[in-house]
There are 2 protein chains.
Amino acid sequence: MLLLRRCTSLTRFGPLNPQRLQVPPAVTSCAVRLCSSSSSSSEDQRSYQRVTTSSSFRYGLAGLLAGTGAVLAYGLHQHKAEREDVGMQAREKSSPLPIISQEEVTKHRSLEDGVWVTYKGGVYDITEFVAMHPGGDKILLAAGGSLEPFWSLYAVHNQEHVLEILSEYKVGVLNLEDLKKQQSVKSSDPYSSDPERHPALRINSLKPFNAEPPPEIVSDSYITPSALFFKRNHLPVPQVDLASYQLHVEGLPGGVLTLSLEDLKTRFPKHTITATLQCAGNRRSEMNKVKQVKGLNWGIAAISNAKWSGARLRDVLLAAGYGPDVAQWACHVQFEGLDKDVTGTTYGASIPLNKAVSEEGDVLLAYEMNGEDIPPDHGFPVRVVVPGVVGARNVKWLGKIIVSAEESSSHWQQNDYKGFSPGTDWDTVDFKSAPAIQELPIQSAITTPADGAVLDRSDETLTVKGYAWSGGGREVVRVDVSVDGGKTWQVAQLRSSDKGQSPEPSPPPGRAWAWKLWEVSAPFPADAQELEIISKAVDNSYNIQPDTIAPIWNLRGVLSNAWHRVKVRVREEESED
Amino acid sequence: MLLLRRCTSLTRFGPLNPQRLQVPPAVTSCAVRLCSSSSSSSEDQRSYQRVTTSSSFRYGLAGLLAGTGAVLAYGLHQHKAEREDVGMQAREKSSPLPIISQEEVTKHRSLEDGVWVTYKGGVYDITEFVAMHPGGDKILLAAGGSLEPFWSLYAVHNQEHVLEILSEYKVGVLNLEDLKKQQSVKSSDPYSSDPERHPALRINSLKPFNAEPPPEIVSDSYITPSALFFKRNHLPVPQVDLASYQLHVEGLPGGVLTLSLEDLKTRFPKHTITATLQCAGNRRSEMNKVKQVKGLNWGIAAISNAKWSGARLRDVLLAAGYGPDVAQWACHVQFEGLDKDVTGTTYGASIPLNKAVSEEGDVLLAYEMNGEDIPPDHGFPVRVVVPGVVGARNVKWLGKIIVSAEESSSHWQQNDYKGFSPGTDWDTVDFKSAPAIQELPIQSAITTPADGAVLDRSDETLTVKGYAWSGGGREVVRVDVSVDGGKTWQVAQLRSSDKGQSPEPSPPPGRAWAWKLWEVSAPFPADAQELEIISKAVDNSYNIQPDTIAPIWNLRGVLSNAWHRVKVRVREEESED
């Protein structure tokens with residue numbers, strides 16, 4: 001795991017303010033970019049890494065390395081930097097900087113008027129920094145106000161070098177009266193009411209909570225127990241009061257349809273599907289080994305399989321007035337979660353209308369997972385399950401459904417969860433140029449043996465196990481396994497149920513939503529002391545995984561579906577004396 | 001091109017008959033297999049190549065090498081072997097073999113009763129050979145009768161060594177009276193009325209006609225001119241009399257619906273789509289270089305793009321009585337062509353019912369190609385166009401549509417056009433274990449420059465062009481091109497129209513049926529004298545082509561969609577004196 005790798009060199013970056021007004025914003029944003037496109041609440045957890053890409057760049061910003069965003073987010077939530085109370089220290093020293101009122105700060109809320117923020121009594125003009133912010137222009141949400149509520153939400157900011165960067169932008173101190181008012185609004189930990197989690201989970205980030213099951217137990221269960229199902233939260237888990245819970249369906253001719261959970265359960269037929277969900281970042285850690293990417297450092301288990309029950313989205317849309325007329329102008333169905341950041345911005349995503357309304361799309365407004373109420377981490381009381389489609393569109397804690405001519409405008413739809421060429425970097429990336437990920441490509445991985453395992457040749461055969469899945473309802477039809485680094489291949493046995501249980505019925509064409517587990521036994525290759533074991537799967541459109549990771553490397557580290565390879569050592573039998 | 005490679009060693013194979021009765025059929029068919037699964041009228045054109053797979057095999061049959069089936073079929077259609085009139089020679093020499101009546105021959109039409117055939121007056125007991133026949137058990141169609149009509153259809157048999165094999169099975173001579181009767185039924189060349197073809201086409205086999213356009217002109221036209229559209233015939237082109245042409249729709253509650261071409265044109269709305277068709281064997285020649293496969297040795301141009309107009313299959317099925325009740329039991333729609341072999345067996349294939357009846361499936365009963373009547377080579381008067389699906393299911397010269405619970409039982413659906421693991425050989429293949437190819441995977445190829453081209457460094461940039469397409473309506477969203485063997489990648493410009501014309505409107509999700517042409521200009525890498533240029537495409541499910549061919553090699557040489565690579569040399573500028 002790369003999880004605990006630490007940043008080794010944090011270089012202060014030189015004074016920007018004196019020069020800043022001489023540099024037109026366009027030049028700045030072109031010459032200097034920070035290595036993340038997107039909100040810290042997204043996959044990347046923000047990385048304050050600076051890349052200098054132009055030889056004409058003259059601020060000497062190189063070296064502001066902070067390791068991966070995931071690393072930073074993890075283990076650093078104790079807010080080490082409290083001792084570096086930049087604003088308060090400045091005040092104690094009778095700073096020569098001007099005293100500024102909150103009213104004045106509030107006037108600076110845009111790139112045109114300047115972007116000012118406060119932090120512990122200091123006032124900062126961060127206009128210059130906006131284009132460099134790892135979390136993208138989401139930083140503007142704090143414009144004219146205090147940083148504290150954002151930083152308590154996104155733990156990645158709680159690092160010394162972030163405060164160092166901030167200090168360079170200081171333009172004044174907040175007047176005492178306004179500071180006292182601010183301090184009287186206590187910032188509480190928005191994650192304090194997150195649920196308990198299973199101790200076996202491997203944590204990628206605590207706040208928001210992201211974790212995966214250990215690989216060796218993944219293929220033990222065709223249906224992943226809910227407690228071990230991978231967790232991928234972008235924000236704190238919202239507390240939903242069932243008595244007041246309402247789901248709003250908007251954008252249809254009949255006006256807004258509002259449904260309680262009870263309505264959803266009683267007014268629409270209950271439909272059950274078995275569907276695998278996979279995070280776009282599954283297996284990102286392998287991509288990270290090629291070249292650093294931005295995002296949570298997932299292993300091979302940001303994927304799980306469950307039985308979901310609920311109302312069909314199609315049925316709900318029809319009840320809300322969907323019909324052929326709507327199809328003339330609408331193209332997308334947007335979803336909004338009840339999970340919010342401090343500004344009230346909710347998680348959001350959308351799917352194509354044809355997937356949402358198709359009889360064969362099987363999109364659910366699910367209220368049960370594995371036969372029980374959906375647990376809080378998975379979207380209680382209602383989540384969307386969009387089978388065959390990337391996890392990010394399976395919006396949890398569903399609050400609103402909007403039928404629209406447009407995709408969701410959310411950060412996660414527009415500026416995240418997209419794939420790019422390995423030649424595209426943060427200087428050249430244009431998020432508009434790539435489609436939002438919907439269906440995922442063919443995937444497989446080896447769950448047993450683990451990479452680095454030592455196997456005993458006295459075992460007669462080598463048993464290899466894993467999972468395979470493809471997006472878009474494409475059924476996995478074959479998994480090839482090699483124990484000699486790809487020279488020869490064996491076909492694995494596939495299964496669609498837990499051992500000893502009868503297999504699930506074969507899905508109709510285009511509706512294979514669930515993974516297949518697989519297993520193969522091979523004789524140990526003679527003499528080999530180290531083996532490279534490989535899996536590659538094929539779906540019924542005969543799509544196949546690419547051989548290697550480097551050519552599919554992309555700056556966000558998504559869609560990592562090359563052949564899965566594990567290396568194991570073979571221990572020879574001891575000679576019998 | 002491997003096209004003109006010739007077989008170099010044809011070894012007689014030793015007498016089988018004396019031993020044959022001592023060898024149980026199962027042993028024979030297990031120890032000796034011939035390298036083709038399927039009918040010669042299919043992709044493979046039959047190869048009389050023998051592979052010995054068991055060290056206990058004792059007939060010394062190795063060496064009966066005949067090169068690829070495509071090679072054999074090509075250029076040998078002059079029926080060299082006429083001078084080797086085995087049967088007649090035997091008669092002239094007053095053969096000691098018994099004289100046998102046609103009536104007696106006719107009794108031997110099965111493996112149980114023995115399989116006898118006649119050829120030019122000789123009678124042959126080929127029971128033993130059935131399991132070894134490169135064309136599979138289709139040989140049984142000739143059982144109890146004469147081989148001539150089959151051999152005139154499948155030119156691959158017209159070779160000396162085939163007659164040598166046959167001679168080993170001789171058990172008698174046909175009585176004179178029956179021979180005269182046979183000879184009075186003149187066998188004519190069933191291909192004699194095939195249409196004229198464009199001389200630019202590169203011919204893979206003449207009878208049946210299979211040819212592709214030269215790669216350098218493929219990407220000149222977004223819409224491929226019909227004359228240059230690749231041709232893939234399994235049988236002679238049928239002569240269809242429009243006055244009597246009828247299309248039969250069967251299997252629906254309303255009984256058989258019979259439609260004339262005029263009915264099809266007037267009773268149903270005319271629908272037009274632009275769709276790319278690709279042969280499952282496109283780029284097989286690259287697979288052949290890894291290890292020999294069976295089938296026509298296609299280059300990169302067994303793919304073309306056209307505008308197709310016709311009635312929607314959905315509309316016709318609805319008119320014929322299709323409804324929700326039918327969907328309860330039916331799963332497939334079968335098609336039969338009017339192209340027949342001598343036994344009257346027609347070309348056949350099927351597609352899943354949901355593709356056929358979906359409003360978004362866009363399956364056409366097409367009567368126009370590029371704005372004109374469909375040319376004879378492409379299915380005049382009516383062919384099925386199943387966009388997003390392998391060419392083999394786009395049945396030409398359509399005669400019959402059958403809604404069914406079952407897939408087509410045709411050879412081409414059951415025992416051909418399927419993909420297997422690289423570890424599967426003709427001894428282990430089980431055609432039932434793999435799904436019939438329907439949707440094809442992501443594909444791209446470089447059309448310019450050609451492999452082996454010499455480029456001039458004095459040209460300022462290197463221009464690379466090609467095509468990209470994916471099956472299942474998945475849109476090509478990106479093509480990455482490398483001019484340094486995959487170290488670095490550039491993103492190509494895509495286009496969906498001919499240059500200077502406005503691009504076609506963006507297709508709805510899941511209905512991108514047409515290819516994209518692409519082009520990229522790159523500076524010449526410094527100092528390189530040889531370049532490896534590579535293309536790889538990505539579709540909107542983010543499926544990507546695999547890096548290399550060997551791991552997707554399969555015994556039929558289908559689904560060859562690895563990165564396309566061409567090597568070119570760079571000529572340095574001459575020094576200016």
# chains A, B, ... in the order shown; residues from 1 in each chain; ligands from 1

call {"tool": "interface_residues", "arguments": {"of": "chain A", "to": "chain B", "cutoff": "6 Å", "atoms": "only C-alpha atoms", "output": "PyMOL selection string"}}
result
chain A and resi 423+439-441+489+541-543+546-547

call {"tool": "select_by_dssp", "arguments": {"residues": "stretch 60-299 of chain A", "states": "alpha helix (DSSP H)", "output": "PyMOL selection string"}}
result
chain A and resi 69-73+86-92+102-106+148-153+160-167+176-184+215-218+261-267+284-290

call {"tool": "residues_around", "arguments": {"residues": "A:Pro381", "least_positions_apart": "2", "cutoff": "8 Å", "atoms": "only C-alpha atoms", "output": "list of chain:residue names"}}
result
A:Val240, A:Leu242, A:Leu261, A:Tyr367, A:Asp373, A:Ile374, A:Pro375, A:Pro376, A:Gly379, A:Arg383, A:Trp397, A:Leu398

call {"tool": "write_last_selection", "arguments": {"atoms": "all heavy atoms", "output": "mmCIF file, in the first residue's frame"}}
result
data_model
loop_
_atom_site.group_PDB
_atom_site.id
_atom_site.type_symbol
_atom_site.label_atom_id
_atom_site.label_comp_id
_atom_site.auth_asym_id
_atom_site.auth_seq_id
_atom_site.Cartn_x
_atom_site.Cartn_y
_atom_site.Cartn_z
ATOM 1 N N VAL A 240 -30.801 11.314 8.196
ATOM 2 C CA VAL A 240 -32.108 11.482 7.564
ATOM 3 C C VAL A 240 -33.216 11.072 8.536
ATOM 4 O O VAL A 240 -33.199 9.969 9.072
ATOM 5 C CB VAL A 240 -32.195 10.660 6.264
ATOM 6 C CG1 VAL A 240 -33.557 10.854 5.613
ATOM 7 C CG2 VAL A 240 -31.075 11.053 5.307
ATOM 8 N N LEU A 242 -36.712 9.863 8.941
ATOM 9 C CA LEU A 242 -37.689 9.206 8.065
ATOM 10 C C LEU A 242 -39.043 9.900 8.076
ATOM 11 O O LEU A 242 -39.751 9.923 7.072
ATOM 12 C CB LEU A 242 -37.879 7.757 8.495
ATOM 13 C CG LEU A 242 -37.011 6.724 7.783
ATOM 14 C CD1 LEU A 242 -37.548 5.333 8.041
ATOM 15 C CD2 LEU A 242 -36.979 6.996 6.278
ATOM 16 N N LEU A 261 -40.888 7.722 1.813
ATOM 17 C CA LEU A 261 -40.382 6.357 1.659
ATOM 18 C C LEU A 261 -41.547 5.384 1.573
ATOM 19 O O LEU A 261 -41.532 4.440 0.773
ATOM 20 C CB LEU A 261 -39.459 6.002 2.836
ATOM 21 C CG LEU A 261 -38.902 4.584 2.807
ATOM 22 C CD1 LEU A 261 -38.048 4.345 1.568
ATOM 23 C CD2 LEU A 261 -38.087 4.299 4.072
ATOM 24 N N TYR A 367 -34.375 0.874 -1.682
ATOM 25 C CA TYR A 367 -34.510 1.112 -0.239
ATOM 26 C C TYR A 367 -34.067 -0.108 0.571
ATOM 27 O O TYR A 367 -34.112 -0.087 1.785
ATOM 28 C CB TYR A 367 -35.929 1.544 0.126
ATOM 29 C CG TYR A 367 -37.048 0.783 -0.565
ATOM 30 C CD1 TYR A 367 -37.390 -0.508 -0.159
ATOM 31 C CD2 TYR A 367 -37.753 1.356 -1.625
ATOM 32 C CE1 TYR A 367 -38.395 -1.211 -0.788
ATOM 33 C CE2 TYR A 367 -38.771 0.651 -2.270
ATOM 34 C CZ TYR A 367 -39.086 -0.622 -1.850
ATOM 35 O OH TYR A 367 -40.085 -1.323 -2.485
ATOM 36 N N ASP A 373 -32.934 -2.734 5.311
ATOM 37 C CA ASP A 373 -32.871 -1.303 5.005
ATOM 38 C C ASP A 373 -31.447 -0.964 4.576
ATOM 39 O O ASP A 373 -30.473 -1.474 5.142
ATOM 40 C CB ASP A 373 -33.195 -0.477 6.258
ATOM 41 C CG ASP A 373 -34.668 -0.564 6.616
ATOM 42 O OD1 ASP A 373 -35.462 -1.063 5.784
ATOM 43 O OD2 ASP A 373 -35.023 -0.145 7.735
ATOM 44 N N ILE A 374 -31.330 -0.090 3.598
ATOM 45 C CA ILE A 374 -29.987 0.309 3.168
ATOM 46 C C ILE A 374 -29.258 0.949 4.350
ATOM 47 O O ILE A 374 -29.792 1.859 4.985
ATOM 48 C CB ILE A 374 -30.082 1.292 1.986
ATOM 49 C CG1 ILE A 374 -30.591 0.534 0.756
ATOM 50 C CG2 ILE A 374 -28.746 1.946 1.711
ATOM 51 C CD1 ILE A 374 -30.524 1.312 -0.516
ATOM 52 N N PRO A 375 -28.046 0.495 4.665
ATOM 53 C CA PRO A 375 -27.308 1.079 5.790
ATOM 54 C C PRO A 375 -26.933 2.542 5.503
ATOM 55 O O PRO A 375 -26.834 2.948 4.339
ATOM 56 C CB PRO A 375 -26.044 0.216 5.881
ATOM 57 C CG PRO A 375 -26.330 -1.019 5.080
ATOM 58 C CD PRO A 375 -27.313 -0.612 4.035
ATOM 59 N N PRO A 376 -26.704 3.321 6.577
ATOM 60 C CA PRO A 376 -26.377 4.733 6.398
ATOM 61 C C PRO A 376 -25.231 4.981 5.403
ATOM 62 O O PRO A 376 -25.317 5.874 4.571
ATOM 63 C CB PRO A 376 -25.982 5.185 7.809
ATOM 64 C CG PRO A 376 -26.752 4.282 8.714
ATOM 65 C CD PRO A 376 -26.833 2.968 8.006
ATOM 66 N N GLY A 379 -26.542 4.871 1.743
ATOM 67 C CA GLY A 379 -27.555 5.749 1.181
ATOM 68 C C GLY A 379 -28.905 5.777 1.861
ATOM 69 O O GLY A 379 -29.872 6.245 1.254
ATOM 70 N N ARG A 383 -31.292 5.132 -2.240
ATOM 71 C CA ARG A 383 -30.228 5.482 -3.163
ATOM 72 C C ARG A 383 -30.640 5.065 -4.571
ATOM 73 O O ARG A 383 -31.501 4.206 -4.744
ATOM 74 C CB ARG A 383 -28.915 4.799 -2.811
ATOM 75 C CG ARG A 383 -28.829 3.358 -3.268
ATOM 76 C CD ARG A 383 -27.444 2.760 -3.033
ATOM 77 N NE ARG A 383 -26.411 3.451 -3.791
ATOM 78 C CZ ARG A 383 -25.112 3.201 -3.663
ATOM 79 N NH1 ARG A 383 -24.697 2.294 -2.779
ATOM 80 N NH2 ARG A 383 -24.226 3.846 -4.373
ATOM 81 N N TRP A 397 -28.456 8.615 -0.482
ATOM 82 C CA TRP A 397 -29.243 9.579 0.289
ATOM 83 C C TRP A 397 -30.017 10.481 -0.683
ATOM 84 O O TRP A 397 -29.948 11.716 -0.623
ATOM 85 C CB TRP A 397 -28.324 10.420 1.183
ATOM 86 C CG TRP A 397 -27.328 9.575 1.911
ATOM 87 C CD1 TRP A 397 -27.606 8.702 2.927
ATOM 88 C CD2 TRP A 397 -25.912 9.511 1.690
ATOM 89 N NE1 TRP A 397 -26.453 8.087 3.340
ATOM 90 C CE2 TRP A 397 -25.397 8.565 2.613
ATOM 91 C CE3 TRP A 397 -25.021 10.135 0.812
ATOM 92 C CZ2 TRP A 397 -24.032 8.254 2.662
ATOM 93 C CZ3 TRP A 397 -23.681 9.822 0.864
ATOM 94 C CH2 TRP A 397 -23.197 8.888 1.780
ATOM 95 N N LEU A 398 -30.752 9.853 -1.572
ATOM 96 C CA LEU A 398 -31.356 10.573 -2.691
ATOM 97 C C LEU A 398 -32.402 11.576 -2.222
ATOM 98 O O LEU A 398 -33.333 11.229 -1.490
ATOM 99 C CB LEU A 398 -32.004 9.558 -3.649
ATOM 100 C CG LEU A 398 -32.549 10.129 -4.951
ATOM 101 C CD1 LEU A 398 -31.419 10.674 -5.825
ATOM 102 C CD2 LEU A 398 -33.324 9.062 -5.714
#

call {"tool": "atom_distance", "arguments": {"atom1": "atom CA of B:Ala405", "atom2": "atom CA of B:His378"}}
result
28.4 Å

call {"tool": "atom_distance", "arguments": {"atom1": "atom CA of B:Asp377", "atom2": "atom CA of B:Asn204"}}
result
14.8 Å

call {"tool": "atom_distance", "arguments": {"atom1": "atom CA of B:Lys567", "atom2": "atom CA of B:Ala302"}}
result
20.9 Å

call {"tool": "residues_around", "arguments": {"residues": "A:Asp484", "least_positions_apart": "3", "cutoff": "12 Å", "atoms": "only C-alpha atoms", "output": "list in words"}}
result
Leu462, Val481, Lys487, Thr488, Trp489, Gln490, Ala522, Pro523, Phe524, Pro525, Ala526, Asp527, Ala528, Gln529, Glu530, Leu531, Glu532, Ile533, Ile534, Ser535, Arg565, Val566, Lys567 and Val568 of chain A

call {"tool": "write_last_selection", "arguments": {"atoms": "N, CA, C and O atoms", "output": "CSV table (one decimal), in the first residue's frame"}}
result
chain,number,residue,atom,x,y,z
A,462,LEU,N,-1.7,-25.0,-7.7
A,462,LEU,CA,-1.8,-23.6,-7.4
A,462,LEU,C,-3.2,-23.2,-7.7
A,462,LEU,O,-3.6,-23.3,-8.8
A,481,VAL,N,-6.4,-17.1,-17.3
A,481,VAL,CA,-5.4,-17.0,-16.2
A,481,VAL,C,-4.1,-17.5,-16.7
A,481,VAL,O,-4.1,-18.6,-17.3
A,487,LYS,N,2.7,-16.3,-20.9
A,487,LYS,CA,3.1,-17.1,-22.0
A,487,LYS,C,2.0,-18.1,-22.4
A,487,LYS,O,1.7,-18.3,-23.5
A,488,THR,N,1.4,-18.7,-21.4
A,488,THR,CA,0.3,-19.6,-21.6
A,488,THR,C,-0.9,-19.3,-20.8
A,488,THR,O,-0.8,-18.6,-19.7
A,489,TRP,N,-2.1,-19.7,-21.2
A,489,TRP,CA,-3.3,-19.3,-20.5
A,489,TRP,C,-4.3,-20.5,-20.3
A,489,TRP,O,-4.4,-21.3,-21.2
A,490,GLN,N,-4.9,-20.4,-19.2
A,490,GLN,CA,-6.0,-21.4,-18.9
A,490,GLN,C,-7.3,-20.7,-18.7
A,490,GLN,O,-7.3,-19.5,-18.3
A,522,ALA,N,-3.9,-24.7,-11.3
A,522,ALA,CA,-2.9,-25.0,-12.3
A,522,ALA,C,-1.7,-25.7,-11.6
A,522,ALA,O,-1.5,-25.4,-10.4
A,523,PRO,N,-1.0,-26.5,-12.3
A,523,PRO,CA,0.2,-27.1,-11.8
A,523,PRO,C,1.2,-26.1,-11.6
A,523,PRO,O,1.3,-25.1,-12.4
A,524,PHE,N,2.1,-26.2,-10.6
A,524,PHE,CA,3.2,-25.3,-10.5
A,524,PHE,C,4.1,-25.4,-11.7
A,524,PHE,O,4.5,-26.5,-12.0
A,525,PRO,N,4.5,-24.3,-12.4
A,525,PRO,CA,5.5,-24.4,-13.4
A,525,PRO,C,6.8,-25.0,-12.8
A,525,PRO,O,7.2,-24.6,-11.8
A,526,ALA,N,7.4,-25.9,-13.5
A,526,ALA,CA,8.6,-26.6,-13.0
A,526,ALA,C,9.7,-25.5,-12.9
A,526,ALA,O,9.8,-24.6,-13.7
A,527,ASP,N,10.5,-25.6,-11.8
A,527,ASP,CA,11.7,-24.9,-11.6
A,527,ASP,C,11.5,-23.4,-11.2
A,527,ASP,O,12.4,-22.8,-10.7
A,528,ALA,N,10.3,-22.9,-11.6
A,528,ALA,CA,10.1,-21.4,-11.3
A,528,ALA,C,10.2,-21.1,-9.9
A,528,ALA,O,9.5,-21.8,-9.0
A,529,GLN,N,11.0,-20.1,-9.5
A,529,GLN,CA,11.0,-19.7,-8.1
A,529,GLN,C,10.1,-18.5,-7.9
A,529,GLN,O,9.7,-18.2,-6.7
A,530,GLU,N,9.9,-17.8,-8.9
A,530,GLU,CA,8.9,-16.7,-8.8
A,530,GLU,C,7.9,-16.8,-10.0
A,530,GLU,O,8.3,-17.1,-11.1
A,531,LEU,N,6.7,-16.6,-9.7
A,531,LEU,CA,5.6,-16.7,-10.7
A,531,LEU,C,5.0,-15.3,-10.8
A,531,LEU,O,4.7,-14.6,-9.9
A,532,GLU,N,4.7,-15.0,-12.1
A,532,GLU,CA,3.8,-13.8,-12.3
A,532,GLU,C,2.4,-14.4,-12.7
A,532,GLU,O,2.3,-15.1,-13.8
A,533,ILE,N,1.4,-14.2,-11.9
A,533,ILE,CA,0.1,-14.7,-12.2
A,533,ILE,C,-0.8,-13.5,-12.8
A,533,ILE,O,-0.7,-12.4,-12.2
A,534,ILE,N,-1.5,-13.8,-13.8
A,534,ILE,CA,-2.2,-12.8,-14.5
A,534,ILE,C,-3.7,-13.2,-14.7
A,534,ILE,O,-3.9,-14.4,-15.1
A,535,SER,N,-4.6,-12.3,-14.6
A,535,SER,CA,-6.0,-12.5,-15.0
A,535,SER,C,-6.4,-11.5,-16.1
A,535,SER,O,-6.0,-10.3,-16.0
A,565,ARG,N,-2.0,-8.4,-12.3
A,565,ARG,CA,-0.8,-9.3,-12.1
A,565,ARG,C,-0.4,-9.3,-10.7
A,565,ARG,O,-0.3,-8.3,-10.0
A,566,VAL,N,-0.1,-10.5,-10.2
A,566,VAL,CA,0.5,-10.6,-8.9
A,566,VAL,C,1.7,-11.5,-9.0
A,566,VAL,O,1.8,-12.4,-9.8
A,567,LYS,N,2.7,-11.2,-8.2
A,567,LYS,CA,3.9,-12.0,-8.2
A,567,LYS,C,4.0,-12.7,-6.9
A,567,LYS,O,3.7,-12.2,-5.8
A,568,VAL,N,4.3,-14.0,-7.0
A,568,VAL,CA,4.4,-14.9,-5.8
A,568,VAL,C,5.7,-15.6,-5.9
A,568,VAL,O,6.3,-15.8,-7.0

call {"tool": "residues_around", "arguments": {"residues": "A:Asn415", "least_positions_apart": "3", "cutoff": "6 Å", "atoms": "only C-alpha atoms", "output": "PyMOL selection string"}}
result
chain A and resi 411-412+431

call {"tool": "write_last_selection", "arguments": {"atoms": "all heavy atoms", "output": "tab-separated table (two decimals), in the first residue's frame"}}
result
chain	number	residue	atom	x	y	z
A	411	HIS	N	-19.87	19.34	-10.03
A	411	HIS	CA	-18.45	19.12	-10.20
A	411	HIS	C	-18.13	17.68	-10.60
A	411	HIS	O	-17.31	17.43	-11.49
A	411	HIS	CB	-17.74	19.46	-8.89
A	411	HIS	CG	-16.36	18.95	-8.83
A	411	HIS	ND1	-15.31	19.61	-9.42
A	411	HIS	CD2	-15.85	17.82	-8.29
A	411	HIS	CE1	-14.21	18.91	-9.24
A	411	HIS	NE2	-14.50	17.83	-8.55
A	412	TRP	N	-18.82	16.72	-9.97
A	412	TRP	CA	-18.47	15.31	-10.17
A	412	TRP	C	-18.90	14.80	-11.54
A	412	TRP	O	-18.42	13.79	-11.99
A	412	TRP	CB	-19.08	14.46	-9.06
A	412	TRP	CG	-18.59	14.88	-7.72
A	412	TRP	CD1	-17.43	14.49	-7.13
A	412	TRP	CD2	-19.22	15.80	-6.81
A	412	TRP	NE1	-17.30	15.10	-5.92
A	412	TRP	CE2	-18.38	15.91	-5.69
A	412	TRP	CE3	-20.41	16.54	-6.84
A	412	TRP	CZ2	-18.68	16.72	-4.59
A	412	TRP	CZ3	-20.72	17.35	-5.76
A	412	TRP	CH2	-19.86	17.43	-4.66
A	431	PHE	N	-11.63	19.33	-19.47
A	431	PHE	CA	-12.64	18.39	-19.01
A	431	PHE	C	-13.84	18.32	-19.93
A	431	PHE	O	-14.53	17.30	-19.99
A	431	PHE	CB	-13.04	18.68	-17.55
A	431	PHE	CG	-12.16	17.98	-16.55
A	431	PHE	CD1	-11.02	18.60	-16.05
A	431	PHE	CD2	-12.44	16.69	-16.16
A	431	PHE	CE1	-10.20	17.93	-15.16
A	431	PHE	CE2	-11.62	16.01	-15.27
A	431	PHE	CZ	-10.49	16.64	-14.76

call {"tool": "residues_around", "arguments": {"residues": "A:His332", "least_positions_apart": "2", "cutoff": "7 Å", "atoms": "only C-alpha atoms", "output": "JSON, numbers by chain"}}
result
{"A": [330, 334, 350, 351, 352, 353, 403, 404, 405, 406, 407]}

call {"tool": "residues_around", "arguments": {"residues": "B:Asn288", "least_positions_apart": "3", "cutoff": "9 Å", "atoms": "only C-alpha atoms", "output": "PyMOL selection string"}}
result
chain B and resi 2+284-285+291-294+297+553+557
